[in-house]
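Undergrad: coords.cif (mmCIF, C-alpha atoms and all ligand atoms) pasted underneath:
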```cif
data_upload
#
loop_
_atom_site.group_PDB
_atom_site.id
_atom_site.type_symbol
_atom_site.label_atom_id
_atom_site.label_comp_id
_atom_site.auth_asym_id
_atom_site.auth_seq_id
_atom_site.Cartn_x
_atom_site.Cartn_y
_atom_site.Cartn_z
ATOM 1 C CA MET A 557 -179.496 -162.506 -21.338
ATOM 2 C CA SER A 558 -176.555 -164.509 -22.650
ATOM 3 C CA LYS A 559 -177.382 -168.140 -21.794
ATOM 4 C CA PRO A 560 -173.797 -169.503 -21.862
ATOM 5 C CA VAL A 561 -172.682 -166.770 -19.440
ATOM 6 C CA VAL A 562 -175.579 -167.461 -17.091
ATOM 7 C CA SER A 563 -174.978 -171.227 -17.191
ATOM 8 C CA LYS A 564 -171.269 -170.818 -16.521
ATOM 9 C CA TRP A 565 -171.837 -168.656 -13.455
ATOM 10 C CA ASN A 566 -174.793 -170.678 -12.194
ATOM 11 C CA ALA A 567 -172.615 -173.799 -12.299
ATOM 12 C CA ARG A 568 -169.858 -172.024 -10.353
ATOM 13 C CA TYR A 569 -172.260 -170.853 -7.664
ATOM 14 C CA ALA A 570 -174.211 -174.119 -7.396
ATOM 15 C CA HIS A 571 -171.920 -175.396 -4.621
ATOM 16 C CA SER A 572 -170.646 -172.159 -3.143
ATOM 17 C CA GLY A 573 -172.260 -172.565 0.279
ATOM 18 C CA ALA A 574 -173.974 -169.982 2.421
ATOM 19 C CA GLY A 575 -170.979 -167.979 3.623
ATOM 20 C CA ILE A 576 -170.649 -164.270 2.943
ATOM 21 C CA PRO A 577 -167.261 -163.483 1.435
ATOM 22 C CA ALA A 578 -165.050 -160.660 2.657
ATOM 23 C CA PRO A 579 -165.312 -157.398 0.717
ATOM 24 C CA SER A 580 -162.802 -156.859 -2.041
ATOM 25 C CA GLU A 581 -159.456 -155.321 -1.232
ATOM 26 C CA VAL A 582 -160.233 -152.017 -2.940
ATOM 27 C CA LEU A 583 -163.255 -151.475 -0.697
ATOM 28 C CA SER A 584 -161.862 -152.685 2.615
ATOM 29 C CA ARG A 585 -158.571 -150.807 2.150
ATOM 30 C CA GLY A 586 -160.253 -147.716 0.745
ATOM 31 C CA ALA A 587 -163.265 -147.550 3.059
ATOM 32 C CA ARG A 588 -162.148 -144.150 4.365
ATOM 33 C CA TRP A 589 -163.236 -142.677 1.008
ATOM 34 C CA LEU A 590 -166.838 -143.760 1.511
ATOM 35 C CA PRO A 591 -169.252 -140.848 1.977
ATOM 36 C CA GLU A 592 -171.437 -140.747 5.078
ATOM 37 C CA ALA A 593 -174.209 -143.296 4.612
ATOM 38 C CA GLN A 594 -176.728 -140.778 5.912
ATOM 39 C CA ALA A 595 -177.317 -137.774 3.656
ATOM 40 C CA PRO A 596 -177.720 -134.301 5.236
ATOM 41 C CA VAL A 597 -181.240 -133.720 6.573
ATOM 42 C CA VAL A 598 -183.305 -131.637 4.095
ATOM 43 C CA ASP A 599 -186.629 -130.116 5.238
ATOM 44 C CA GLY A 600 -186.601 -132.455 8.226
ATOM 45 C CA VAL A 601 -186.288 -135.502 5.974
ATOM 46 C CA VAL A 602 -183.551 -137.997 6.790
ATOM 47 C CA SER A 603 -182.354 -140.106 3.877
ATOM 48 C CA GLN A 604 -179.669 -142.707 3.370
ATOM 49 C CA ARG A 605 -177.286 -142.758 0.435
ATOM 50 C CA ARG A 606 -177.481 -145.480 -2.207
ATOM 51 C CA ALA A 607 -174.742 -147.944 -3.121
ATOM 52 C CA LEU A 608 -174.498 -150.521 -5.920
ATOM 53 C CA ASP A 609 -172.530 -153.777 -5.964
ATOM 54 C CA LEU A 610 -172.451 -154.380 -9.733
ATOM 55 C CA ALA A 611 -171.978 -158.006 -10.851
ATOM 56 C CA CYS A 612 -172.088 -158.770 -7.137
ATOM 57 C CA GLY A 613 -171.472 -162.519 -7.062
ATOM 58 C CA LEU A 614 -171.975 -163.671 -3.475
ATOM 59 C CA GLY A 615 -172.336 -160.049 -2.393
ATOM 60 C CA GLY A 616 -169.361 -159.532 -0.082
ATOM 61 C CA ASN A 617 -169.169 -155.880 -1.120
ATOM 62 C CA ALA A 618 -172.926 -155.393 -0.872
ATOM 63 C CA HIS A 619 -172.947 -156.847 2.639
ATOM 64 C CA PHE A 620 -170.084 -154.578 3.739
ATOM 65 C CA LEU A 621 -171.866 -151.485 2.372
ATOM 66 C CA ALA A 622 -175.192 -152.447 3.959
ATOM 67 C CA LYS A 623 -173.475 -152.870 7.334
ATOM 68 C CA ALA A 624 -172.001 -149.396 6.832
ATOM 69 C CA GLY A 625 -175.555 -148.033 6.557
ATOM 70 C CA PHE A 626 -176.086 -147.570 2.814
ATOM 71 C CA ILE A 627 -179.237 -148.561 0.929
ATOM 72 C CA VAL A 628 -177.627 -151.251 -1.178
ATOM 73 C CA SER A 629 -178.541 -152.741 -4.535
ATOM 74 C CA ALA A 630 -176.824 -155.986 -5.542
ATOM 75 C CA TRP A 631 -177.106 -156.991 -9.202
ATOM 76 C CA ASP A 632 -175.938 -160.120 -10.966
ATOM 77 C CA ILE A 633 -176.788 -162.155 -14.065
ATOM 78 C CA SER A 634 -176.749 -165.483 -12.157
ATOM 79 C CA ASP A 635 -180.146 -166.451 -10.738
ATOM 80 C CA VAL A 636 -178.420 -169.042 -8.538
ATOM 81 C CA VAL A 637 -176.313 -166.461 -6.747
ATOM 82 C CA ILE A 638 -179.157 -163.939 -6.469
ATOM 83 C CA GLU A 639 -181.323 -166.618 -4.843
ATOM 84 C CA GLN A 640 -178.484 -167.457 -2.441
ATOM 85 C CA ILE A 641 -178.271 -163.848 -1.317
ATOM 86 C CA ARG A 642 -182.048 -163.602 -0.995
ATOM 87 C CA GLY A 643 -182.109 -166.780 1.050
ATOM 88 C CA ARG A 644 -179.811 -165.426 3.753
ATOM 89 C CA LYS A 645 -181.515 -164.796 7.037
ATOM 90 C CA LEU A 646 -181.401 -161.193 8.253
ATOM 91 C CA SER A 647 -179.655 -159.897 5.143
ATOM 92 C CA SER A 648 -179.435 -156.115 5.263
ATOM 93 C CA ILE A 649 -179.037 -155.757 1.476
ATOM 94 C CA ALA A 650 -182.083 -153.694 0.451
ATOM 95 C CA HIS A 651 -182.457 -154.668 -3.213
ATOM 96 C CA THR A 652 -181.226 -157.757 -5.051
ATOM 97 C CA GLU A 653 -181.809 -157.910 -8.771
ATOM 98 C CA LEU A 654 -181.291 -160.510 -11.470
ATOM 99 C CA ARG A 655 -179.917 -158.176 -14.092
ATOM 100 C CA ASP A 656 -177.699 -158.279 -17.146
ATOM 101 C CA VAL A 657 -175.770 -155.115 -16.425
ATOM 102 C CA VAL A 658 -174.458 -154.845 -19.981
ATOM 103 C CA ALA A 659 -177.937 -154.876 -21.508
ATOM 104 C CA PHE A 660 -179.400 -152.864 -18.621
ATOM 105 C CA PRO A 661 -176.734 -150.596 -17.153
ATOM 106 C CA PRO A 662 -177.438 -148.452 -14.094
ATOM 107 C CA GLU A 663 -179.536 -145.341 -14.712
ATOM 108 C CA PRO A 664 -177.858 -141.913 -14.772
ATOM 109 C CA ASN A 665 -177.357 -140.108 -11.465
ATOM 110 C CA SER A 666 -178.634 -143.021 -9.370
ATOM 111 C CA PHE A 667 -175.895 -144.056 -6.887
ATOM 112 C CA ASN A 668 -173.570 -142.405 -4.375
ATOM 113 C CA VAL A 669 -171.246 -145.416 -4.352
ATOM 114 C CA ILE A 670 -170.591 -148.052 -7.016
ATOM 115 C CA VAL A 671 -168.351 -151.068 -6.449
ATOM 116 C CA VAL A 672 -167.198 -153.383 -9.226
ATOM 117 C CA SER A 673 -164.864 -156.241 -8.469
ATOM 118 C CA ARG A 674 -163.585 -158.913 -10.827
ATOM 119 C CA PHE A 675 -165.884 -157.971 -13.679
ATOM 120 C CA LEU A 676 -164.989 -156.102 -16.851
ATOM 121 C CA ASP A 677 -167.103 -154.957 -19.756
ATOM 122 C CA ARG A 678 -165.592 -151.859 -21.268
ATOM 123 C CA SER A 679 -168.830 -150.724 -22.914
ATOM 124 C CA LEU A 680 -170.320 -150.305 -19.441
ATOM 125 C CA CYS A 681 -167.759 -147.814 -18.142
ATOM 126 C CA PRO A 682 -169.387 -144.593 -19.478
ATOM 127 C CA HIS A 683 -172.683 -145.753 -17.932
ATOM 128 C CA ILE A 684 -170.974 -146.288 -14.589
ATOM 129 C CA VAL A 685 -169.559 -142.754 -14.728
ATOM 130 C CA ASN A 686 -173.008 -141.343 -15.523
ATOM 131 C CA ALA A 687 -174.680 -143.428 -12.825
ATOM 132 C CA LEU A 688 -172.636 -141.761 -10.096
ATOM 133 C CA ARG A 689 -174.301 -138.853 -8.348
ATOM 134 C CA PRO A 690 -172.289 -135.662 -7.742
ATOM 135 C CA ASP A 691 -169.371 -136.523 -5.426
ATOM 136 C CA GLY A 692 -170.209 -140.211 -5.878
ATOM 137 C CA ILE A 693 -167.345 -142.654 -5.410
ATOM 138 C CA LEU A 694 -166.333 -145.566 -7.633
ATOM 139 C CA PHE A 695 -164.393 -148.539 -6.233
ATOM 140 C CA TYR A 696 -163.119 -150.778 -9.051
ATOM 141 C CA GLN A 697 -160.806 -153.783 -8.868
ATOM 142 C CA THR A 698 -160.095 -156.406 -11.484
ATOM 143 C CA PHE A 699 -157.472 -158.563 -13.143
ATOM 144 C CA VAL A 700 -154.423 -157.467 -15.080
ATOM 145 C CA ARG A 701 -153.381 -161.075 -15.674
ATOM 146 C CA GLY A 702 -154.099 -164.655 -14.624
ATOM 147 C CA LEU A 703 -157.189 -165.256 -16.798
ATOM 148 C CA LYS A 704 -157.490 -167.344 -19.969
ATOM 149 C CA ASN A 705 -159.613 -164.751 -21.763
ATOM 150 C CA LYS A 706 -157.457 -161.660 -22.370
ATOM 151 C CA ASN A 707 -160.569 -159.599 -23.047
ATOM 152 C CA PHE A 708 -161.421 -159.726 -19.355
ATOM 153 C CA MET A 709 -157.997 -158.422 -18.311
ATOM 154 C CA LEU A 710 -156.953 -154.811 -18.011
ATOM 155 C CA LYS A 711 -154.020 -153.378 -19.883
ATOM 156 C CA SER A 712 -151.521 -151.233 -18.029
ATOM 157 C CA ASN A 713 -153.187 -148.052 -16.696
ATOM 158 C CA GLU A 714 -156.412 -148.981 -18.460
ATOM 159 C CA LEU A 715 -158.687 -148.272 -15.475
ATOM 160 C CA LEU A 716 -157.331 -144.726 -15.506
ATOM 161 C CA SER A 717 -158.309 -144.217 -19.133
ATOM 162 C CA LEU A 718 -161.657 -146.025 -18.879
ATOM 163 C CA PHE A 719 -162.662 -143.696 -16.036
ATOM 164 C CA LYS A 720 -160.890 -140.565 -17.230
ATOM 165 C CA PRO A 721 -163.854 -138.262 -16.457
ATOM 166 C CA LEU A 722 -163.501 -139.089 -12.745
ATOM 167 C CA HIS A 723 -161.093 -137.585 -10.237
ATOM 168 C CA VAL A 724 -158.603 -140.250 -9.137
ATOM 169 C CA LEU A 725 -158.247 -140.730 -5.370
ATOM 170 C CA GLU A 726 -156.168 -143.920 -5.414
ATOM 171 C CA TYR A 727 -154.789 -146.160 -8.128
ATOM 172 C CA HIS A 728 -152.807 -149.372 -7.677
ATOM 173 C CA GLU A 729 -151.361 -151.702 -10.262
ATOM 174 C CA PRO A 730 -148.865 -154.493 -9.698
ATOM 175 C CA GLU A 731 -145.347 -153.691 -10.914
ATOM 176 C CA PRO A 732 -144.404 -155.736 -14.007
ATOM 177 C CA GLU A 733 -142.052 -157.871 -11.909
ATOM 178 C CA GLN A 734 -144.918 -158.591 -9.508
ATOM 179 C CA GLN A 735 -146.972 -159.836 -12.423
ATOM 180 C CA CYS A 736 -144.980 -162.984 -13.113
ATOM 181 C CA ASP A 737 -146.643 -166.227 -12.088
ATOM 182 C CA ASP A 738 -144.299 -167.070 -9.207
ATOM 183 C CA ALA A 739 -144.355 -163.571 -7.698
ATOM 184 C CA PRO A 740 -145.330 -163.288 -4.027
ATOM 185 C CA ARG A 741 -148.861 -162.091 -3.410
ATOM 186 C CA VAL A 742 -149.111 -158.370 -2.684
ATOM 187 C CA ASP A 743 -152.045 -157.318 -0.491
ATOM 188 C CA GLY A 744 -153.708 -160.596 -1.393
ATOM 189 C CA ALA A 745 -154.301 -159.370 -4.951
ATOM 190 C CA PRO A 746 -151.153 -159.782 -7.062
ATOM 191 C CA PHE A 747 -152.893 -159.882 -10.407
ATOM 192 C CA GLU A 748 -155.353 -157.035 -9.959
ATOM 193 C CA ALA A 749 -155.392 -153.303 -10.493
ATOM 194 C CA SER A 750 -157.663 -151.064 -8.466
ATOM 195 C CA LEU A 751 -159.080 -147.579 -8.731
ATOM 196 C CA ILE A 752 -160.928 -145.353 -6.289
ATOM 197 C CA ALA A 753 -162.290 -142.248 -7.989
ATOM 198 C CA ARG A 754 -164.794 -139.455 -7.391
ATOM 199 C CA HIS A 755 -167.393 -137.935 -9.682
ATOM 200 C CA SER A 756 -167.163 -134.138 -9.789
HETATM 201 C C1 LIG B 801 -165.591 -163.141 -11.017
HETATM 202 S S1 LIG B 801 -167.264 -162.952 -10.475
HETATM 203 C C2 LIG B 801 -167.064 -161.601 -9.341
HETATM 204 C C3 LIG B 801 -168.153 -161.546 -8.322
HETATM 205 C C4 LIG B 801 -167.952 -160.480 -7.243
HETATM 206 N N1 LIG B 801 -168.032 -159.142 -7.775
HETATM 207 C C5 LIG B 801 -166.656 -160.714 -6.523
HETATM 208 O O1 LIG B 801 -165.738 -159.897 -6.625
HETATM 209 O O2 LIG B 801 -166.554 -161.729 -5.839
HETATM 210 C C6 LIG B 801 -168.046 -162.177 -11.870
HETATM 211 C C7 LIG B 801 -169.553 -161.980 -11.671
HETATM 212 O O3 LIG B 801 -170.088 -161.260 -12.776
HETATM 213 C C8 LIG B 801 -171.383 -161.768 -13.040
HETATM 214 N N2 LIG B 801 -171.730 -161.384 -14.422
HETATM 215 C C9 LIG B 801 -171.156 -161.808 -15.562
HETATM 216 N N3 LIG B 801 -171.733 -161.200 -16.625
HETATM 217 C C10 LIG B 801 -172.693 -160.372 -16.118
HETATM 218 C C11 LIG B 801 -173.637 -159.478 -16.695
HETATM 219 N N4 LIG B 801 -173.689 -159.283 -18.013
HETATM 220 N N5 LIG B 801 -174.477 -158.823 -15.872
HETATM 221 C C12 LIG B 801 -174.439 -159.009 -14.526
HETATM 222 N N6 LIG B 801 -173.565 -159.838 -13.915
HETATM 223 C C13 LIG B 801 -172.698 -160.504 -14.705
HETATM 224 C C14 LIG B 801 -171.237 -163.263 -12.802
HETATM 225 O O4 LIG B 801 -172.459 -163.921 -12.597
HETATM 226 C C15 LIG B 801 -170.326 -163.286 -11.582
HETATM 227 O O5 LIG B 801 -171.075 -163.293 -10.383
#
```
Any chance you could put this one into structure tokens?
Ligand SMILES: C[S@@+](CC[C@H](N)C(=O)[O-])C[C@H]1O[C@@H](n2cnc3c(N)ncnc32)[C@H](O)[C@@H]1O
TA:
Amino acid sequence: MSKPVVSKWNARYAHSGAGIPAPSEVLSRGARWLPEAQAPVVDGVVSQRRALDLACGLGGNAHFLAKAGFIVSAWDISDVVIEQIRGRKLSSIAHTELRDVVAFPPEPNSFNVIVVSRFLDRSLCPHIVNALRPDGILFYQTFVRGLKNKNFMLKSNELLSLFKPLHVLEYHEPEPEQQCDDAPRVDGAPFEASLIARHS
């Protein structure tokens, strides 16, 4: 694992408190695209679908998906934040994992839903596509501006090209005039693009 990255995020989460954040805009606004959490019964066996909150931070998305009935995995590189999630009483998140998702991306064909918010590593995108099961849904939201490191910001329409193999259900990107620093906030996320897309 990259020690500077871990230290940076551990320091940020050291004083973050016990509260569970709201889910990201792309998930709360696009929740109607979620599949049923319960898969069809096969041979009398009832099973729940699996969802991943990748680079989960405090796990607002993971919590939302668990409440919706999915078997949820929440992965992050920060041991501080993973311990915070694990320490919550009555958490319904099934699996928390301290995991460098760049070094250890999700396995192929492993999730029905994947949510990524405010995290970008372009090398991971083909793995995310492959990790979706048939008809699996990707919810992705991250910055187009507002960060010091340009590498972590999307270029115009970049989510569409990074996830070209998927079928686009919704795509939002702030208009250029909404991207200036004094622009009013739009949907609470003025500097972020979002994509909801389905695996075929
Ligand atoms: C801006 S935060 C976003 C957290 C959360 N997804 C949200 O929207 O609130 C970025 C997160 O990515 C995690 N992260 C950074 N590099 C990572 C890596 N290589 N593997 C897993 N998590 C990573 C950080 O620890 C941090 O929690």
Undergrad: Written as number ranges by chain, what is the full residue list that the PyMOL selection byres (((chain A and resi 612) around 6) and not hetatm) yields on the file shown?
TA: A: 609-611, 613, 615, 630-632
Undergrad: Let me make sure I understand: among A:Pro596, A:Gly616, A:Pro591, A:Gly586, which one has the smallest atom-to-atom distance to ligand LIG 801 (chain B) if we use only C-alpha atoms and all ligand atoms?
TA: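 Of all the options, A:Gly616 lies closest to ligand LIG 801 (chain B).
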Undergrad: When distances are computed from only C-alpha atoms and all ligand atoms, which of A:Phe626, A:Trp589, A:Phe695, A:Phe660 shows the smallest separation from ligand LIG 801 (chain B)?
TA: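 Of the candidates, the smallest distance to ligand LIG 801 (chain B) is held by A:Phe660.
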Undergrad: List as a PyMOL selection string the residues having at least one atom at most 12 Å from position (-174.7, -169.0, -18.1) as given in the file, counting only C-alpha atoms.
TA: chain A and resi 557-570+632-637+656
Undergrad: Could you write those residues out with C-alpha atoms, as a compact mmCIF listing (two decimals), in the coordinates of the input?
TA:
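Output file part_22.txt is given in full below:
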```txt
# COMPACT_ATOMS: atom_id res chain seq x y z
CA MET A 557 -179.50 -162.51 -21.34
CA SER A 558 -176.56 -164.51 -22.65
CA LYS A 559 -177.38 -168.14 -21.79
CA PRO A 560 -173.80 -169.50 -21.86
CA VAL A 561 -172.68 -166.77 -19.44
CA VAL A 562 -175.58 -167.46 -17.09
CA SER A 563 -174.98 -171.23 -17.19
CA LYS A 564 -171.27 -170.82 -16.52
CA TRP A 565 -171.84 -168.66 -13.46
CA ASN A 566 -174.79 -170.68 -12.19
CA ALA A 567 -172.62 -173.80 -12.30
CA ARG A 568 -169.86 -172.02 -10.35
CA TYR A 569 -172.26 -170.85 -7.66
CA ALA A 570 -174.21 -174.12 -7.40
CA ASP A 632 -175.94 -160.12 -10.97
CA ILE A 633 -176.79 -162.16 -14.06
CA SER A 634 -176.75 -165.48 -12.16
CA ASP A 635 -180.15 -166.45 -10.74
CA VAL A 636 -178.42 -169.04 -8.54
CA VAL A 637 -176.31 -166.46 -6.75
CA ASP A 656 -177.70 -158.28 -17.15
```
Undergrad: Might you spell out which residues the PyMOL selection byres (((chain A and resi 673) around 6) and not hetatm) would select in the displayed file, as a list in words?
TA: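 Going through the file, the PyMOL selection byres (((chain A and resi 673) around 6) and not hetatm) ends up selecting Val672, Arg674, Phe675, Tyr696, Gln697 and Thr698 of chain A.
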Undergrad: Identify, on the basis of only C-alpha atoms, every residue whose closest approach to Phe708 of chain A does not exceed 8 Å; exclude the query and any residue fewer than 6 positions from it along the same chain; express the result as a PDB file with C-alpha atoms, in the coordinates of the input.
TA:
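Dumped everything to out-v1.pdb:
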```pdb
ATOM      1  CA  PHE A 675    -165.884-157.971 -13.679  1.00  0.00           C
ATOM      2  CA  LEU A 676    -164.989-156.102 -16.851  1.00  0.00           C
ATOM      3  CA  ASP A 677    -167.103-154.957 -19.756  1.00  0.00           C
ATOM      4  CA  PHE A 699    -157.472-158.563 -13.143  1.00  0.00           C
TER       5      PHE A 699
END
```
Undergrad: Could you tell me, as a ChimeraX atom specification, exactly which residues end up selected when the PyMOL selection byres (((chain A and resi 662) around 8) and not hetatm) is applied to this structure?
TA: /A:657,660-661,663-664,666,683-684,687
Undergrad: Would you put the residues from that selection into a file with C-alpha atoms, as an mmCIF file, keeping the file's coordinate frame?
TA:
```cif
data_model
loop_
_atom_site.group_PDB
_atom_site.id
_atom_site.type_symbol
_atom_site.label_atom_id
_atom_site.label_comp_id
_atom_site.auth_asym_id
_atom_site.auth_seq_id
_atom_site.Cartn_x
_atom_site.Cartn_y
_atom_site.Cartn_z
ATOM 1 C CA VAL A 657 -175.770 -155.115 -16.425
ATOM 2 C CA PHE A 660 -179.400 -152.864 -18.621
ATOM 3 C CA PRO A 661 -176.734 -150.596 -17.153
ATOM 4 C CA GLU A 663 -179.536 -145.341 -14.712
ATOM 5 C CA PRO A 664 -177.858 -141.913 -14.772
ATOM 6 C CA SER A 666 -178.634 -143.021 -9.370
ATOM 7 C CA HIS A 683 -172.683 -145.753 -17.932
ATOM 8 C CA ILE A 684 -170.974 -146.288 -14.589
ATOM 9 C CA ALA A 687 -174.680 -143.428 -12.825
#
```
